[in-house]
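Worksheet for the structure shown next.
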Amino acid sequence: MQLNLNRILAAAALALASAGALAQSASADGEIRKVDAKGGRVIIKHGDWKGMDMQAMTMAFRVRDAAILEGFKAEDKVRFTIEKDGRDFIVTALERSVAAQASAAAAGHGHSHHSHDVRR
Ligand SMILES: [Cu+2]
């Protein structure tokens with residue numbers, strides 16, 4: 001009985017530890033306001049972000065590597081991933097948001113009538 005309890009406590013401690021690690025990294029959708037590759041920063045407008053305890057706001061992030069900003073510009077809709085480093089948020093990944101890609105494709109081509117022909 002005592003052994004089982006110790007095992008349960010150990011498992012609970014492990015679960016808490018990994019939950020804490022996960023909280024250090026998070027993804028959200030936003031819209032780029034400004035790319036500052038030289039300064040290694042990007043300003044992103046994001047919506048309500050419960051995981052980070054933030055309301056909708058426009059904020060500046062440091063980027064881990066300025067190279068991830070390549071090809072991005074103001075007004076791009078993006079999905080970004082950040083890591084918390086002390087009080088700083090560092091963008092570790094940046095990609096065009098899937099919703100933005102889909103709407104851009106639909107607006108750009110007007111091929112939606114072909115969707116009937118899709119076979120899988
Ligand atoms: Cu914010």
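Ordered as shown in the structure tokens, chains take letters A, B, and onward, while each chain numbers its residues from 1 and ligands are numbered from 1 in the order shown.
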Legend entry - Expected selection as a count of residues only for ligand 1 within 12 Å, only C-alpha atoms and all ligand atoms: 29
Legend entry - Gly71 in chain A environment, 12 Å, only C-alpha atoms, sequence neighbours closer than 4 positions dropped, as a VMD selection string: chain A and resid 32 35 37 66 to 67 76 78 94 to 96
Inset, instruction - Quote the spacing between CA of Arg79 in chain A and CA of Val91 in chain A in Å to one decimal place. - result: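 Spanning CA of Arg79 in chain A to CA of Val91 in chain A is a straight-line distance of 10.6 Å.
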